[in-house]
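Participant: One structure, as structure tokens, below. Some questions next.
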Amino acid sequence: MPAVTTSFDTIRTEISGFAIRDIVSQFGTPCYVYDMSKIEERVKDLAAFDVVRYAQKACSNIAILDRLRRLGVVVDAVSAGEVKRALAAGFDLKQDPHCIVYTADVFDQEALALVKEHSLHVNCGSPDMIEQIGRAMPGANVTLRINPGFGHGHSQKTNTGGPQSKHGIWHEDVVECLRKADLHNVIVTGLHMHIGSGTDLEHLSQVCNALENIALQVGRTLTTISAGGGLPVPYRQGQTYVDLEQYYSLWDATRKRLEKAFGHSLSLEIEPGRYLVAESGFLIAEIRAVKQMGENTFYLLDAGFNDLARPILYGAYHPISISHRSGRAPSEQIDVVVGGPLCESGDIFTQEEGGFVAKRKLPVASVGDHLILEVAGAYGFVMASNYNGRFRVPELLIENGKLHCIRARETFEDLIRGESIPPAS
Ligand SMILES: Cc1ncc(COP(=O)(O)O)c(C=O)c1O
């Protein structure tokens with residue numbers, strides 16, 4: 001299991017050798033910074049798996065995709081846009097026809113056309129997709145994403161299994177789906193379950209058993225099983241990673257039992273998003289106001305939930321650090337509420353699920369100091385929006401002692417691109 005190196009709610013002067021002061025004087029605030037060395041470390045952790053398939057929804061900048069490709073990682077795509085991102089990042093389907101897999105619960109027309117154009121392997125999350133892929137690509141090999149009838153997730157909004165989840169093919173419908181596959185000339189070669197057991201290995205063993213039972217119903221056409229994503233990272237003091245050796249052992253034992261039953265080898269995939277990129281990412285903001293409201297002290301930033309939505313969406317906790325402009329760090333700490341500039345009461349980074357405002361003990365800071373939302377590389381920038389007419393922020397990559405801008409700050413022209421005013425009648 002990797003050692004936890006995240007620094008929780010403290011003072012930070014640099015990121016991977018680059019002074020915060022220098023980063024912001026060059027690129028301004030807010031900005032996202034990714035530390036490539038952390039991503040490389042996380043890829044190495046998963047070397048035991050035959051295939052590491054990055055769920056690019058977590059952070060889909062083409063520079064990140066390119067670097068992961070160079071590290072031997074392949075990708076998952078959930079939309080036509082993500083397929084095109086992967087192609088733009090150099091994934092070459094001629095070299096490896098499975099380097100991009102389309103995984104979703106539906107095809108929209110654009111995605112189906114692109115899947116057909118590139119003969120992409122599809123992970124079907126609904127029975128209708130089997131029929132649609134059969135019509136578009138008769139003879140295609142597909143994977144079935146199974147909802148085993150139970151789930152797990154850090155919030156009701158992220159629970160990926162059970163009757164309240166919209167994801168996957170219901171476990172009791174597998175036989176019917178196999179009939180559908182026969183009828184539409186589609187061969188089921190893969191099985192996939194994305195349940196995300198967190199650090200709960202007992203729960204994971206139930207997931208493995210559920211996959212094994214379904215695999216035995218599918219039978220000898222299977223060549224791949226996928227453990228899905230959901231590997232956790234520590235966001236709070238005291239949280240840990242899952243024991244990766246045990247995690248792998250459970251899946252490997254499932255794979256081996258199936259290999260014995262089928263008499264041929266099976267490839268074991270994992271499909272992490274968060275695990276590969278979360279800890280690499282930092283959102284640097286400037287404190288623009290410090291104000292007292294009754295019993296609460298607020299640090300108000302130039303970054304809001306349009307830049308990082310996880311707190312308002314899930315009550316997600318991000319470690320926070322302060323970088324003092326003066327370079328001198330006061331030893332005193334106070335309880336503060338951290339919020340953004342948006343016209344919404346919910347624009348609070350220190351909130352709990354349900355929207356309850358929480359206080360955080362942080363170093364005393366003033367206007368002009370910088371505040372860094374940490375472990376922000378996954379589901380950070382990718383969920384950013386232009387709400388309140390705000391420009392999406394730059395993304396920067398630190399790699400081998402160099403700081404690269406991998407996405408420029410948006411401009412007003414970006415903000416109104418595609419808009420037009422019809423002639424007044
Ligand atoms: C099908 C699928 N695979 C992988 C992932 C990645 O999950 P995580 O980022 O928790 O590893 C997701 C997340 O939504 C998903 O839906």
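The chains in the structure tokens are called A, B, ... from first to last as shown; in each chain the residues are counted from 1, and the ligands are counted from 1 in the order shown.
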Please check which protein, DNA or RNA residues sit within 10 Å of ligand 1, counting only C-alpha atoms and all ligand atoms, and write them as a VMD selection string.
Facilitator: chain A and resid 53 to 59 76 to 78 102 to 105 123 125 145 153 to 154 158 to 160 167 to 168 192 to 198 226 to 233 270 to 278 378 to 379
Participant: Among region 302-423 of chain A, which ones does DSSP assign to helix (DSSP H, G or I) (computed from the backbone)? Answer as a list in words.
Facilitator: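 Taking region 302-423 of chain A and keeping helix (DSSP H, G or I) only, one gets Arg310, Pro311, Ile312, Leu313, Tyr314, Phe381, Val382, Met383, Tyr387, Asn388, Gly389, Phe412, Glu413, Asp414 and Leu415 of chain A.
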Participant: Selection from above, N, CA, C and O atoms, as a tab-separated table (two decimals), in the first residue's frame, can you write it?
Facilitator:
```
chain	number	residue	atom	x	y	z
A	310	ARG	N	-16.66	19.64	-6.70
A	310	ARG	CA	-16.87	18.48	-5.82
A	310	ARG	C	-17.47	18.86	-4.46
A	310	ARG	O	-18.37	18.17	-3.98
A	311	PRO	N	-17.02	19.95	-3.83
A	311	PRO	CA	-17.64	20.27	-2.52
A	311	PRO	C	-19.14	20.56	-2.64
A	311	PRO	O	-19.93	20.05	-1.85
A	312	ILE	N	-19.55	21.35	-3.64
A	312	ILE	CA	-21.00	21.67	-3.71
A	312	ILE	C	-21.80	20.46	-4.19
A	312	ILE	O	-22.94	20.25	-3.79
A	313	LEU	N	-21.18	19.60	-5.01
A	313	LEU	CA	-21.91	18.43	-5.52
A	313	LEU	C	-22.07	17.35	-4.47
A	313	LEU	O	-23.13	16.75	-4.34
A	314	TYR	N	-20.97	17.06	-3.77
A	314	TYR	CA	-20.98	15.87	-2.89
A	314	TYR	C	-20.66	16.21	-1.43
A	314	TYR	O	-20.54	15.30	-0.61
A	381	PHE	N	-10.92	20.22	-12.89
A	381	PHE	CA	-11.08	21.06	-14.07
A	381	PHE	C	-12.16	20.54	-15.02
A	381	PHE	O	-12.90	21.31	-15.63
A	382	VAL	N	-12.24	19.20	-15.15
A	382	VAL	CA	-13.20	18.63	-16.12
A	382	VAL	C	-14.65	19.00	-15.82
A	382	VAL	O	-15.50	18.94	-16.70
A	383	MET	N	-14.94	19.37	-14.59
A	383	MET	CA	-16.31	19.77	-14.26
A	383	MET	C	-16.46	21.29	-14.24
A	383	MET	O	-17.49	21.81	-13.81
A	387	TYR	N	-20.10	29.47	-15.49
A	387	TYR	CA	-21.15	30.10	-14.69
A	387	TYR	C	-20.69	31.46	-14.17
A	387	TYR	O	-19.54	31.63	-13.79
A	388	ASN	N	-21.62	32.39	-14.17
A	388	ASN	CA	-21.36	33.78	-13.76
A	388	ASN	C	-20.39	34.49	-14.71
A	388	ASN	O	-19.70	35.42	-14.34
A	389	GLY	N	-20.33	33.99	-15.96
A	389	GLY	CA	-19.46	34.64	-16.95
A	389	GLY	C	-18.00	34.55	-16.62
A	389	GLY	O	-17.21	35.44	-16.98
A	412	PHE	N	-12.44	36.39	-23.25
A	412	PHE	CA	-13.83	36.77	-23.53
A	412	PHE	C	-14.30	36.14	-24.85
A	412	PHE	O	-15.45	35.72	-24.98
A	413	GLU	N	-13.40	36.05	-25.83
A	413	GLU	CA	-13.78	35.45	-27.12
A	413	GLU	C	-14.20	33.99	-26.92
A	413	GLU	O	-15.14	33.51	-27.53
A	414	ASP	N	-13.47	33.28	-26.04
A	414	ASP	CA	-13.85	31.88	-25.75
A	414	ASP	C	-15.25	31.85	-25.12
A	414	ASP	O	-16.05	30.97	-25.39
A	415	LEU	N	-15.48	32.83	-24.26
A	415	LEU	CA	-16.73	32.85	-23.49
A	415	LEU	C	-17.95	32.97	-24.40
A	415	LEU	O	-18.98	32.36	-24.16
```
Participant: Using only C-alpha atoms, pick whichever of A:Ile39, A:Ile20, A:Leu144, A:Val218 has the shortest atom-to-atom distance to Val375 (chain A).
Facilitator: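 Counting only C-alpha atoms, the residue closest to Val375 (chain A) is A:Ile39.
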Participant: So which residues of region 272-332 of chain A fall under strand (DSSP E or B) by DSSP, listed as a list in words?
Facilitator: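 Written out, the strand (DSSP E or B) residues of region 272-332 of chain A are Gly281, Phe282, Leu283, Ile284, Ala285, Glu286, Ile287, Arg288, Ala289, Val290, Lys291, Gln292, Met293, Asn296, Thr297, Phe298, Tyr299, Leu300, Leu301, Ile320, Ser321, Ile322 and Ser323 of chain A.
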Participant: Name the closest residue to Gly72 (chain A) among the candidates A:Lys260, A:Arg390, A:Arg288, A:Lys44; distances are taken between atoms, counting only C-alpha atoms.
Facilitator: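 Among A:Lys260, A:Arg390, A:Arg288, A:Lys44, it is A:Lys44 that comes nearest to Gly72 (chain A).
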Participant: Which value, in Å to one decimal, gives the distance between CA of Glu41 (chain A) and CA of Pro394 (chain A)?
Facilitator: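 Rounded to one decimal, the two atoms are 24.0 Å apart.
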Participant: Tell me, counting only C-alpha atoms, for each residue of region 345-371 of chain A within 10 Å of region 299-307 of chain A, which pair of atoms is nearest and how far apart they are in Å to one decimal, in rows ordered by chain and increasing number, as a tab-separated table.
Facilitator:
```
residue	atom	partner	partner_atom	distance
A:Gly346	CA	A:Phe305	CA	8.4
A:Asp347	CA	A:Phe305	CA	5.7
A:Ile348	CA	A:Phe305	CA	7.5
A:Phe349	CA	A:Phe305	CA	7.7
A:Val364	CA	A:Tyr299	CA	9.9
A:Ala365	CA	A:Tyr299	CA	8.3
A:Ser366	CA	A:Tyr299	CA	8.4
A:Val367	CA	A:Tyr299	CA	8.5
A:Gly368	CA	A:Leu301	CA	9.7
A:Asp369	CA	A:Leu301	CA	9.9
A:His370	CA	A:Leu301	CA	8.7
A:Leu371	CA	A:Leu301	CA	7.9
```
Participant: May I ask for the distance between CA of Gly401 (chain A) and CA of Glu374 (chain A), given in Å to one decimal place?
Facilitator: 20.1 Å
Participant: Quick one: of A:Gln237, A:Gln206, A:Gln333, A:Ser321, who's nearest to Phe282 (chain A), counting only C-alpha atoms?
Facilitator: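 Result for the nearest residue to Phe282 (chain A): A:Ser321.
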Participant: Return the single residue from A:Gly315, A:Gly28, A:Pro127, A:Pro2 that is closest to Phe356 (chain A), with distances computed using only C-alpha atoms.
Facilitator: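 Ranking A:Gly315, A:Gly28, A:Pro127, A:Pro2 by distance to Phe356 (chain A), first place goes to A:Gly315.
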Participant: What does the structure give for the distance between CA of Gly354 (chain A) and CA of Phe150 (chain A), in Å to one decimal?
Facilitator: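 CA of Phe150 (chain A) lies at a distance of 23.4 Å from CA of Gly354 (chain A).
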Participant: Give the answer as one residue: which of A:Ala329, A:Ala111, A:Asp243, A:Glu279 has the shortest atom-to-atom distance to Gly81 (chain A), using only C-alpha atoms?
Facilitator: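 Of A:Ala329, A:Ala111, A:Asp243, A:Glu279, the one nearest Gly81 (chain A) is A:Ala111, counting only C-alpha atoms.
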Participant: Given only C-alpha atoms as the basis, pick out the residue of A:Thr199, A:Thr254, A:Asn61, A:Asn386 nearest to Val242 (chain A).
Facilitator: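 Among the listed residues, the smallest separation from Val242 (chain A) belongs to A:Thr199.
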Participant: Would you pick out the contacts of Ser267 (chain A) at 9 Å or less, using only C-alpha atoms, so that residues sharing its chain but fewer than 3 positions from it are not included, and give the list as a list in words?
Facilitator: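 Counting only C-alpha atoms, the residues come to Phe49, Asp50, Val51, Thr223, Thr224, Ile225, Ser226 and Arg255 of chain A.
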Participant: Write the residues of the selection above to a file with C-alpha atoms, as a short mmCIF file (atom, residue, chain, number, x, y, z; two decimals), in the first residue's frame.
Facilitator:
```cif
data_model
loop_
_atom_site.label_atom_id
_atom_site.label_comp_id
_atom_site.auth_asym_id
_atom_site.auth_seq_id
_atom_site.Cartn_x
_atom_site.Cartn_y
_atom_site.Cartn_z
CA PHE A 49 -2.75 -5.67 -13.78
CA ASP A 50 -2.55 -6.78 -17.42
CA VAL A 51 -4.19 -3.58 -18.59
CA THR A 223 -11.43 -13.13 -22.86
CA THR A 224 -11.36 -10.08 -20.53
CA ILE A 225 -12.68 -9.13 -17.11
CA SER A 226 -12.52 -5.58 -15.78
CA ARG A 255 -9.64 -14.57 -12.95
#
```
